[in-house]
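Printed here is structure_28.cif (mmCIF, C-alpha atoms and all ligand atoms):
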```
data_run
#
loop_
_atom_site.label_atom_id
_atom_site.label_comp_id
_atom_site.auth_asym_id
_atom_site.auth_seq_id
_atom_site.Cartn_x
_atom_site.Cartn_y
_atom_site.Cartn_z
CA MET A 137 0.00 0.00 0.00
CA PRO A 138 1.50 3.40 -0.94
CA ALA A 139 2.47 5.67 1.95
CA LEU A 140 -0.23 8.17 2.94
CA PRO A 141 0.51 11.77 1.88
CA LEU A 142 0.25 13.85 5.06
CA ILE A 143 0.11 17.40 6.35
CA ILE A 144 0.64 17.44 10.13
CA ASP A 145 -0.29 20.35 12.42
CA THR A 146 1.48 20.14 15.77
CA ASP A 147 2.38 21.96 19.01
CA THR A 148 5.32 19.58 19.35
CA GLY A 149 5.38 18.31 22.84
CA SER A 150 6.74 14.92 23.80
CA ASP A 151 3.78 12.95 22.49
CA ASP A 152 3.57 14.92 19.24
CA ALA A 153 7.24 14.02 18.75
CA VAL A 154 6.45 10.31 18.86
CA ALA A 155 3.57 10.83 16.42
CA LEU A 156 6.04 12.49 14.05
CA LEU A 157 8.31 9.43 14.35
CA LEU A 158 5.39 7.18 13.36
CA ALA A 159 4.52 9.38 10.37
CA ALA A 160 8.14 9.69 9.22
CA ALA A 161 9.60 6.26 9.93
CA SER A 162 6.85 3.61 9.97
CA GLY A 163 6.71 3.39 6.18
CA LEU A 164 2.98 4.18 6.27
CA GLY A 165 3.28 7.96 6.02
CA ASP A 166 4.61 10.40 3.43
CA ILE A 167 4.93 13.75 5.22
CA ARG A 168 4.66 16.60 2.73
CA ALA A 169 4.76 19.40 5.33
CA VAL A 170 4.51 20.08 9.06
CA THR A 171 2.77 23.19 10.42
CA THR A 172 3.27 24.33 13.99
CA VAL A 173 1.06 26.22 16.42
CA ALA A 174 1.27 27.40 20.02
CA GLY A 175 -0.07 24.94 22.57
CA ASN A 176 2.21 22.81 24.71
CA VAL A 177 4.97 25.30 23.91
CA PRO A 178 5.26 28.59 21.95
CA VAL A 179 5.08 28.16 18.18
CA ALA A 180 8.83 28.61 17.57
CA VAL A 181 9.65 25.96 20.19
CA ALA A 182 7.09 23.67 18.56
CA ALA A 183 8.94 24.12 15.27
CA ARG A 184 12.34 23.43 16.90
CA ASN A 185 10.97 20.27 18.52
CA ALA A 186 9.38 19.14 15.24
CA LEU A 187 12.68 19.56 13.38
CA ILE A 188 14.51 17.62 16.12
CA SER A 189 11.92 14.82 15.98
CA LEU A 190 12.03 14.56 12.18
CA GLU A 191 15.84 14.52 12.28
CA THR A 192 15.70 11.72 14.87
CA ALA A 193 13.60 9.81 12.33
CA GLY A 194 16.26 10.46 9.70
CA ARG A 195 14.42 13.24 7.85
CA THR A 196 15.87 16.72 7.33
CA ASP A 197 14.02 17.48 4.09
CA ILE A 198 10.45 18.00 5.34
CA PRO A 199 9.20 21.64 5.31
CA VAL A 200 8.20 22.96 8.74
CA HIS A 201 6.19 26.20 8.82
CA LEU A 202 5.42 28.36 11.85
CA GLY A 203 1.78 29.29 12.48
CA CYS A 204 -0.29 31.06 15.09
CA ASP A 205 1.44 31.86 18.38
CA GLY A 206 -1.66 31.89 20.51
CA PRO A 207 -5.40 31.09 20.55
CA MET A 208 -7.89 33.12 18.55
CA LEU A 209 -9.22 35.10 21.52
CA ARG A 210 -7.65 33.78 24.70
CA GLU A 211 -4.24 33.97 26.37
CA ALA A 212 -1.73 31.32 25.27
CA SER A 213 -1.38 28.48 27.76
CA GLY A 214 1.55 26.11 27.82
CA ALA A 215 1.77 22.68 29.42
CA PRO A 216 5.18 22.64 31.17
CA GLU A 217 3.75 20.51 33.96
CA VAL A 218 3.01 17.83 31.35
CA HIS A 219 5.81 18.02 28.82
CA GLY A 220 8.50 20.06 30.57
CA ALA A 221 9.45 23.69 29.87
CA ASP A 222 11.02 22.75 26.52
CA GLY A 223 8.11 20.44 25.63
CA MET A 224 10.51 17.49 25.38
CA GLY A 225 10.93 16.43 28.99
CA ASP A 226 13.61 19.07 29.65
CA THR A 227 16.18 16.67 28.24
CA GLY A 228 18.48 19.39 26.84
CA LEU A 229 18.29 18.19 23.24
CA PRO A 230 20.77 19.80 20.82
CA ASP A 231 19.51 22.25 18.19
CA PRO A 232 18.29 20.70 14.93
CA SER A 233 20.52 20.96 11.87
CA THR A 234 17.71 22.48 9.80
CA ALA A 235 15.51 25.56 10.15
CA PRO A 236 11.83 26.25 9.55
CA ARG A 237 10.81 27.33 6.04
CA ASP A 238 9.42 30.71 5.04
CA GLY A 239 5.67 31.00 4.68
CA HIS A 240 3.03 31.01 7.41
CA ALA A 241 1.53 27.67 8.42
CA VAL A 242 -1.99 28.86 7.60
CA GLU A 243 -0.89 29.68 4.06
CA ALA A 244 0.58 26.17 3.80
CA LEU A 245 -2.63 24.57 5.09
CA LEU A 246 -4.48 26.43 2.33
CA SER A 247 -2.03 26.02 -0.56
CA TYR A 248 -0.96 22.37 -0.31
CA PRO A 249 -4.49 20.89 -0.82
CA ARG A 250 -5.14 23.40 -3.60
CA ARG A 251 -2.08 21.99 -5.41
CA HIS A 252 -3.04 18.38 -4.58
CA PRO A 253 -6.85 18.32 -4.38
CA GLY A 254 -8.27 15.30 -2.58
CA GLU A 255 -4.83 13.71 -2.13
CA LEU A 256 -3.62 14.90 1.27
CA THR A 257 -4.64 13.71 4.72
CA LEU A 258 -4.50 16.39 7.44
CA VAL A 259 -3.61 15.19 10.92
CA THR A 260 -3.92 17.74 13.75
CA LEU A 261 -2.19 17.14 17.06
CA ALA A 262 -2.67 20.51 18.72
CA PRO A 263 -5.07 23.34 19.50
CA LEU A 264 -7.02 24.01 16.31
CA THR A 265 -6.03 27.67 15.89
CA ASN A 266 -4.24 27.26 12.53
CA ILE A 267 -7.05 25.12 11.15
CA ALA A 268 -9.72 27.60 12.23
CA ALA A 269 -7.79 30.50 10.72
CA ALA A 270 -7.51 28.58 7.44
CA LEU A 271 -11.26 27.83 7.53
CA LEU A 272 -12.07 31.53 7.96
CA LEU A 273 -10.13 32.18 4.75
CA ASP A 274 -11.48 29.10 2.92
CA PRO A 275 -14.75 27.70 4.34
CA GLU A 276 -14.55 24.78 1.87
CA LEU A 277 -11.07 23.80 3.12
CA PHE A 278 -12.09 20.37 4.41
CA THR A 279 -13.47 19.35 1.02
CA ARG A 280 -9.97 19.81 -0.45
CA TYR A 281 -8.39 17.24 1.90
CA ARG A 282 -8.82 13.48 1.50
CA HIS A 283 -9.62 13.23 5.23
CA VAL A 284 -8.98 15.16 8.46
CA TYR A 285 -7.98 13.39 11.69
CA CYS A 286 -7.78 15.42 14.90
CA MET A 287 -6.41 14.44 18.27
CA ALA A 288 -9.12 16.43 20.05
CA GLY A 289 -11.73 16.30 22.75
CA ALA A 290 -12.82 13.75 25.33
CA ALA A 291 -16.03 12.00 24.23
CA ASP A 292 -16.53 10.49 27.70
CA LEU A 293 -16.14 13.94 29.35
CA VAL A 294 -13.19 12.76 31.43
CA GLY A 295 -10.74 15.61 30.97
CA ASN A 296 -7.01 16.04 31.41
CA VAL A 297 -6.64 19.83 31.62
CA SER A 298 -9.96 20.25 33.47
CA PRO A 299 -12.51 17.81 34.92
CA THR A 300 -14.32 17.52 31.57
CA ALA A 301 -12.10 18.97 28.81
CA GLU A 302 -9.11 17.80 26.78
CA PHE A 303 -6.23 20.24 26.31
CA ASN A 304 -6.31 20.80 22.51
CA VAL A 305 -9.97 21.80 22.60
CA TRP A 306 -9.72 23.62 25.96
CA ALA A 307 -6.71 25.72 24.85
CA ASP A 308 -8.65 27.29 21.97
CA PRO A 309 -12.36 26.41 22.24
CA GLU A 310 -13.36 29.12 19.77
CA ALA A 311 -11.12 27.52 17.15
CA ALA A 312 -12.56 24.10 17.94
CA ARG A 313 -16.04 25.57 17.53
CA ILE A 314 -15.14 26.91 14.06
CA VAL A 315 -13.79 23.47 13.12
CA THR A 316 -16.88 21.54 14.31
CA ARG A 317 -19.18 23.97 12.51
CA ALA A 318 -17.31 23.39 9.23
CA ALA A 319 -16.96 19.62 9.67
CA SER A 320 -18.95 16.70 8.27
CA ALA A 321 -18.74 13.22 9.77
CA ASP A 322 -17.61 11.64 6.48
CA LYS A 323 -14.60 13.95 6.31
CA VAL A 324 -13.53 14.73 9.89
CA THR A 325 -12.58 12.15 12.54
CA TRP A 326 -11.69 13.02 16.13
CA ILE A 327 -9.60 10.71 18.31
CA GLY A 328 -10.09 11.92 21.87
CA TRP A 329 -8.22 11.67 25.13
CA ASP A 330 -10.67 8.95 26.16
CA VAL A 331 -9.03 6.71 23.54
CA SER A 332 -5.52 7.59 24.69
CA ARG A 333 -6.08 6.88 28.36
CA LYS A 334 -7.74 3.52 27.55
CA ASP A 335 -5.67 2.21 24.63
CA ALA A 336 -2.36 4.09 24.56
CA VAL A 337 -0.91 3.92 28.08
CA MET A 338 2.78 3.05 28.17
CA THR A 339 3.02 0.80 31.20
CA PRO A 340 6.28 0.27 33.12
CA VAL A 341 6.76 -2.92 31.05
CA ASP A 342 6.38 -0.92 27.82
CA GLN A 343 8.78 1.72 29.11
CA GLN A 344 11.35 -0.93 30.03
CA ARG A 345 11.00 -2.39 26.52
CA LEU A 346 11.97 0.99 25.07
CA VAL A 347 15.02 1.09 27.32
CA GLU A 348 16.04 -2.43 26.32
CA LEU A 349 15.57 -1.68 22.60
CA GLY A 350 18.14 1.07 23.00
CA THR A 351 17.81 2.33 19.41
CA PRO A 352 17.96 6.10 18.77
CA MET A 353 14.16 6.47 18.33
CA ALA A 354 13.33 4.16 21.27
CA THR A 355 15.73 6.02 23.58
CA PHE A 356 14.42 9.38 22.32
CA THR A 357 10.81 8.27 22.97
CA HIS A 358 11.60 7.10 26.49
CA ARG A 359 13.64 10.15 27.52
CA ILE A 360 11.36 12.92 26.24
CA ASN A 361 8.25 11.42 27.93
CA ARG A 362 9.68 11.33 31.44
CA THR A 363 7.77 14.46 32.51
CA VAL A 364 4.51 12.99 31.20
CA ALA A 365 5.22 9.90 33.30
CA ASP A 366 5.33 12.11 36.40
CA PHE A 367 2.11 13.90 35.33
CA ALA A 368 0.37 10.53 34.90
CA ARG A 369 1.56 9.38 38.32
CA ASN A 370 0.61 12.60 40.13
CA VAL A 371 -2.42 13.97 38.21
CA THR A 372 -4.24 11.60 35.88
CA GLY A 373 -3.48 8.46 37.86
CA LEU A 374 -2.83 6.36 34.75
CA ALA A 375 -0.62 3.26 34.96
CA GLY A 376 2.03 5.07 32.86
CA TYR A 377 2.31 7.94 30.40
CA ASP A 378 -0.31 7.94 27.67
CA LEU A 379 0.34 8.81 24.00
CA PRO A 380 -2.67 10.76 22.63
CA ASP A 381 -1.02 12.15 19.51
CA PRO A 382 0.70 8.89 18.52
CA ILE A 383 -2.54 6.88 18.76
CA ALA A 384 -4.34 9.53 16.71
CA MET A 385 -1.54 9.36 14.12
CA ALA A 386 -1.73 5.54 14.15
CA VAL A 387 -5.47 5.74 13.35
CA ALA A 388 -4.78 8.07 10.43
CA LEU A 389 -2.02 5.77 9.12
CA ASP A 390 -4.05 2.57 9.63
CA PRO A 391 -7.82 3.09 10.20
CA ALA A 392 -8.17 -0.71 10.59
CA LEU A 393 -6.88 -0.17 14.14
CA ILE A 394 -10.26 1.40 15.05
CA THR A 395 -12.42 -1.07 17.01
CA GLU A 396 -15.24 1.28 18.02
CA GLN A 397 -16.50 4.58 16.62
CA GLU A 398 -19.68 6.64 16.36
CA GLN A 399 -20.97 9.56 14.36
CA ALA A 400 -22.62 12.40 16.25
CA HIS A 401 -23.40 16.09 16.23
CA VAL A 402 -20.81 17.78 18.44
CA GLN A 403 -20.65 21.34 19.70
CA ILE A 404 -17.98 22.96 21.85
CA SER A 405 -18.61 24.73 25.14
CA VAL A 406 -16.88 28.09 25.55
CA ALA A 407 -18.41 28.77 28.97
CA ASP A 408 -16.05 29.21 31.91
CA GLU A 409 -16.74 26.09 33.96
CA THR A 410 -17.20 23.81 30.94
CA ARG A 411 -14.64 25.46 28.60
CA GLY A 412 -13.60 22.96 25.92
CA GLN A 413 -16.16 20.33 26.92
CA LEU A 414 -17.79 18.41 24.06
CA ILE A 415 -21.58 18.79 23.83
CA ILE A 416 -22.58 15.58 22.06
CA ASP A 417 -26.18 15.45 20.82
CA ARG A 418 -27.29 11.82 20.35
CA ARG A 419 -31.04 12.58 20.32
CA VAL A 420 -33.10 11.38 17.37
CA SER A 421 -33.87 15.03 16.72
CA ALA A 422 -30.18 16.00 16.69
CA PRO A 423 -28.75 17.79 13.63
CA ALA A 424 -26.79 15.66 11.14
CA PRO A 425 -23.53 14.29 12.59
CA ASN A 426 -20.56 16.59 11.99
CA LEU A 427 -17.85 14.32 13.42
CA THR A 428 -16.85 10.69 13.48
CA LEU A 429 -15.67 10.02 17.04
CA VAL A 430 -13.25 7.13 17.49
CA ARG A 431 -14.04 5.49 20.84
CA ARG A 432 -11.64 2.53 21.04
CA VAL A 433 -8.49 1.42 19.20
CA ALA A 434 -6.70 -1.95 19.17
CA GLU A 435 -4.01 -1.36 21.80
CA ALA A 436 -1.88 -4.31 20.69
CA GLY A 437 -1.93 -3.16 17.07
CA PHE A 438 -1.04 0.39 18.05
CA LYS A 439 1.87 -0.73 20.24
CA LYS A 440 3.13 -3.11 17.53
CA LEU A 441 3.27 -0.18 15.09
CA LEU A 442 5.02 1.95 17.71
CA PHE A 443 7.67 -0.62 18.72
CA ASP A 444 8.27 -1.78 15.13
CA THR A 445 8.89 1.85 14.14
CA VAL A 446 11.22 2.87 16.98
CA ALA A 447 13.13 -0.44 16.77
CA ALA A 448 14.73 0.72 13.51
CA PRO A 449 18.49 1.24 13.84
CA ALA A 450 20.05 4.65 13.34
CA SER A 451 19.23 5.86 9.85
O1 LIG B 501 -4.73 16.44 25.49
C1 LIG B 501 -3.63 15.89 24.80
C2 LIG B 501 -3.16 16.83 23.73
O2 LIG B 501 -2.72 18.04 24.33
C3 LIG B 501 -1.94 16.29 22.97
O3 LIG B 501 -1.97 16.79 21.66
C4 LIG B 501 -0.79 16.87 23.74
O4 LIG B 501 0.38 17.04 22.92
C5 LIG B 501 -1.34 18.22 24.09
O5 LIG B 501 -1.18 19.07 22.97
CA CA B 502 -0.03 17.90 20.79
#
```

Spit out the file's structure as structure tokens when you get a sec.
Ligand code: RIB
Ligand code: CA
Amino acid sequence: MPALPLIIDTDTGSDDAVALLLAAASGLGDIRAVTTVAGNVPVAVAARNALISLETAGRTDIPVHLGCDGPMLREASGAPEVHGADGMGDTGLPDPSTAPRDGHAVEALLSYPRRHPGELTLVTLAPLTNIAAALLLDPELFTRYRHVYCMAGAADLVGNVSPTAEFNVWADPEAARIVTRAASADKVTWIGWDVSRKDAVMTPVDQQRLVELGTPMATFTHRINRTVADFARNVTGLAGYDLPDPIAMAVALDPALITEQEQAHVQISVADETRGQLIIDRRVSAPAPNLTLVRRVAEAGFKKLLFDTVAAPAS
């Protein structure tokens, strides 16, 4: 099967980095461009971390474009308590050998599918600010992509950044609202934090397996996620660090990994207490579904893809 042509939008924290490894080195993805946005870290740091991650996967040729450095209306929020101040577990990684390209990320999100109509799959791993900005300029944007996969939301209302909201939607709920209003369930699929905390938790046994593999990508994966391991232990209570962006990327690369999904009409709360919460209307009288929501993924299949990818020797 030919590799999937991809555009990836990311706020490159430690889990985004592993998703970039999957896209670049699994053999299933063909990354045409990466766009960065503020979220876990400021947009320039997201670009630095994306370049480092791609270089770790043996790729220094992929264009990386900087995008919006803050939400549409709200103050930028980082996530140092989750990913470390540098977004990569404060591991002191050396600078990448390449630099971001000229051209704003939003322009790239608009121009690439115009040049390759219906060919590109967009995978978003971050607050949806760049995507919303692109939609304001081109309301038909989603029709120009083959499909759009977003790591976004928590369909079971169990949040990570708040009691009921997931970070990417919480960080810029107005952007998420623009995205859901433009979406149709046949074109836009969301993989939420509910999937990650059920089917993408790296247990101590998984973490030890990365250490024992000892390859550059396995060691990189283990080291940069050490802060997330602490966050899981002290805040979310998971059995290890979870990998929301990598499992979303795995779904985009191999949709056969999906074991449960639903289509529903979803709105986004922008109210204070419920900021970023999904309002899912499953009533018979609900409007037509605007999203496909993945609810479960085959954990064994996801972890096989992950370990097979990072097991590769230095490129
Ligand atoms: O809630 C998880 C999401 O927020 C992931 O994309 C993680 O990188 C952070 O951006
Ligand atoms: Ca992310």

- Which residues come within 8 Å of A:Ile144, counting all atoms listed in the file, excluding same-chain residues fewer than 5 positions away, as an NGL selection string? :A and (167 or 169-171 or 258-261)

I'd like a table as CSV: residues in chain A with an atom no more than 8 Å from ligand LIG 501 (chain B), each row giving the shortest atom pair and its distance in Å to one decimal, only C-alpha atoms and all ligand atoms counted, sorted by chain and rising residue number.
```
residue,atom,partner,partner_atom,distance
A:Thr146,CA,B:LIG501,O3,7.6
A:Asp147,CA,B:LIG501,O5,6.1
A:Thr148,CA,B:LIG501,O4,6.6
A:Gly149,CA,B:LIG501,O4,5.2
A:Ser150,CA,B:LIG501,O4,6.8
A:Asp151,CA,B:LIG501,O4,5.3
A:Asp152,CA,B:LIG501,O4,5.3
A:Gly175,CA,B:LIG501,O5,6.0
A:Asn176,CA,B:LIG501,O5,5.3
A:Ala215,CA,B:LIG501,C5,7.6
A:Leu261,CA,B:LIG501,O3,4.6
A:Ala262,CA,B:LIG501,O5,4.7
A:Pro263,CA,B:LIG501,O5,6.7
A:Met287,CA,B:LIG501,O3,6.1
A:Ala288,CA,B:LIG501,O1,7.0
A:Gly289,CA,B:LIG501,O1,7.5
A:Asn296,CA,B:LIG501,O1,6.4
A:Val297,CA,B:LIG501,O1,7.3
A:Glu302,CA,B:LIG501,O1,4.8
A:Phe303,CA,B:LIG501,O1,4.2
A:Asn304,CA,B:LIG501,O2,4.9
A:Gly328,CA,B:LIG501,O1,7.9
A:Trp329,CA,B:LIG501,O1,5.9
A:Leu379,CA,B:LIG501,C3,7.9
A:Pro380,CA,B:LIG501,C3,5.6
A:Asp381,CA,B:LIG501,O3,5.2
```

- Tell me which of A:Leu256, A:Gly223, A:Arg168, A:Met208 sits closest to ligand CA 502 (chain B), counting only C-alpha atoms and all ligand atoms. A:Gly223

- Mind listing as a ChimeraX atom specification all residues within 10 Å of (-10.0, 11.0, 24.2), counting only C-alpha atoms? /A:287-296,301-302,326-335,380,384,429-432

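Here the question is which of A:Pro141, A:Gly163, A:Pro382, A:Pro236 gets nearest to ligand CA 502 (chain B) using all atoms listed in the file, and that residue is A:Pro382.
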
Please report, as lines of an AutoDock Vina configuration file, the centre and edge lengths in Å to one decimal of an axis-aligned box covering all listed atoms of stretch 197-203 of chain A with 3 Å per side.
```
center_x = 7.9
center_y = 23.4
center_z = 8.3
size_x = 18.2
size_y = 17.8
size_z = 14.4
```

- Item | Top pick for closest residue to ligand CA 502 (chain B), considering A:Arg237, A:His219, A:Lys439, A:His201 and counting all atoms listed in the file | A:His219

- Message: Given only C-alpha atoms and all ligand atoms as the basis, pick out the residue of A:Pro275, A:Gln343, A:Pro249, A:Met385 nearest to ligand CA 502 (chain B).
- Response: A:Met385

- Which is closer to ligand CA 502 (chain B) than all the others in A:Gly194, A:Gly214, A:Gly203, A:Pro232, using only C-alpha atoms and all ligand atoms?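 Of all the options, A:Gly214 lies closest to ligand CA 502 (chain B).
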
- Nearby residues, (-14.8, 27.1, 14.9) file frame, 10 Å, all atoms listed in the file, as a ChimeraX atom specification: /A:208,264-265,267-269,271-272,308-319,403-404

Mind dumping the selected residues with C-alpha atoms as a short mmCIF file (atom, residue, chain, number, x, y, z; two decimals), in the coordinates of the input?
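Printed below is selection_29.cif as written:
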```cif
data_model
loop_
_atom_site.label_atom_id
_atom_site.label_comp_id
_atom_site.auth_asym_id
_atom_site.auth_seq_id
_atom_site.Cartn_x
_atom_site.Cartn_y
_atom_site.Cartn_z
CA MET A 208 -7.89 33.12 18.55
CA LEU A 264 -7.02 24.01 16.31
CA THR A 265 -6.03 27.67 15.89
CA ILE A 267 -7.05 25.12 11.15
CA ALA A 268 -9.72 27.60 12.23
CA ALA A 269 -7.79 30.50 10.72
CA LEU A 271 -11.26 27.83 7.53
CA LEU A 272 -12.07 31.53 7.96
CA ASP A 308 -8.65 27.29 21.97
CA PRO A 309 -12.36 26.41 22.24
CA GLU A 310 -13.36 29.12 19.77
CA ALA A 311 -11.12 27.52 17.15
CA ALA A 312 -12.56 24.10 17.94
CA ARG A 313 -16.04 25.57 17.53
CA ILE A 314 -15.14 26.91 14.06
CA VAL A 315 -13.79 23.47 13.12
CA THR A 316 -16.88 21.54 14.31
CA ARG A 317 -19.18 23.97 12.51
CA ALA A 318 -17.31 23.39 9.23
CA ALA A 319 -16.96 19.62 9.67
CA GLN A 403 -20.65 21.34 19.70
CA ILE A 404 -17.98 22.96 21.85
#
```

- Tell me, as a count of residues only, which residues lie within 7 Å of A:Ala174, counting all atoms listed in the file; anything in the same chain fewer than 6 positions away does not count. 4

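Atom pair atom CA of A:Thr196 / atom CA of A:Val446 has a distance of 17.5 Å (rounded to one decimal).
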
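In this comparison, which uses only C-alpha atoms and all ligand atoms, the residue of A:Asp342, A:Cys286, A:Glu255, A:Glu409 approaching ligand CA 502 (chain B) most closely is A:Cys286.
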
- Could you pull the residues within 10 Å of A:Thr339, counting all atoms listed in the file, minus those fewer than 2 positions along the same chain, as a ChimeraX atom specification? /A:336-337,341-345,365,374-378

- At what distance in Å, to one decimal, does atom CA of A:Ala186 lie from atom CA of A:Pro199?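 For atom CA of A:Pro199 relative to atom CA of A:Ala186, the distance reads 10.2 Å.
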
- Rounded to one decimal place, report the atom CA of A:Val420-atom CA of A:Gln399 distance in Å.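 Straight-line distance from atom CA of A:Val420 to atom CA of A:Gln399 works out to 12.6 Å.
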
- Message: Would you pick out the contacts of stretch 242-248 of chain A at 6 Å or less, using only C-alpha atoms, so that residues sharing its chain but fewer than 3 positions from it are not included, and give the list as a count of residues only?
- Response: 3

- Within 10 Å of A:Leu229, counting only C-alpha atoms, which residues qualify if same-chain residues fewer than 2 places away don't, as a PyMOL selection string? chain A and resi 185+188+222+224-227+231-232+356+360
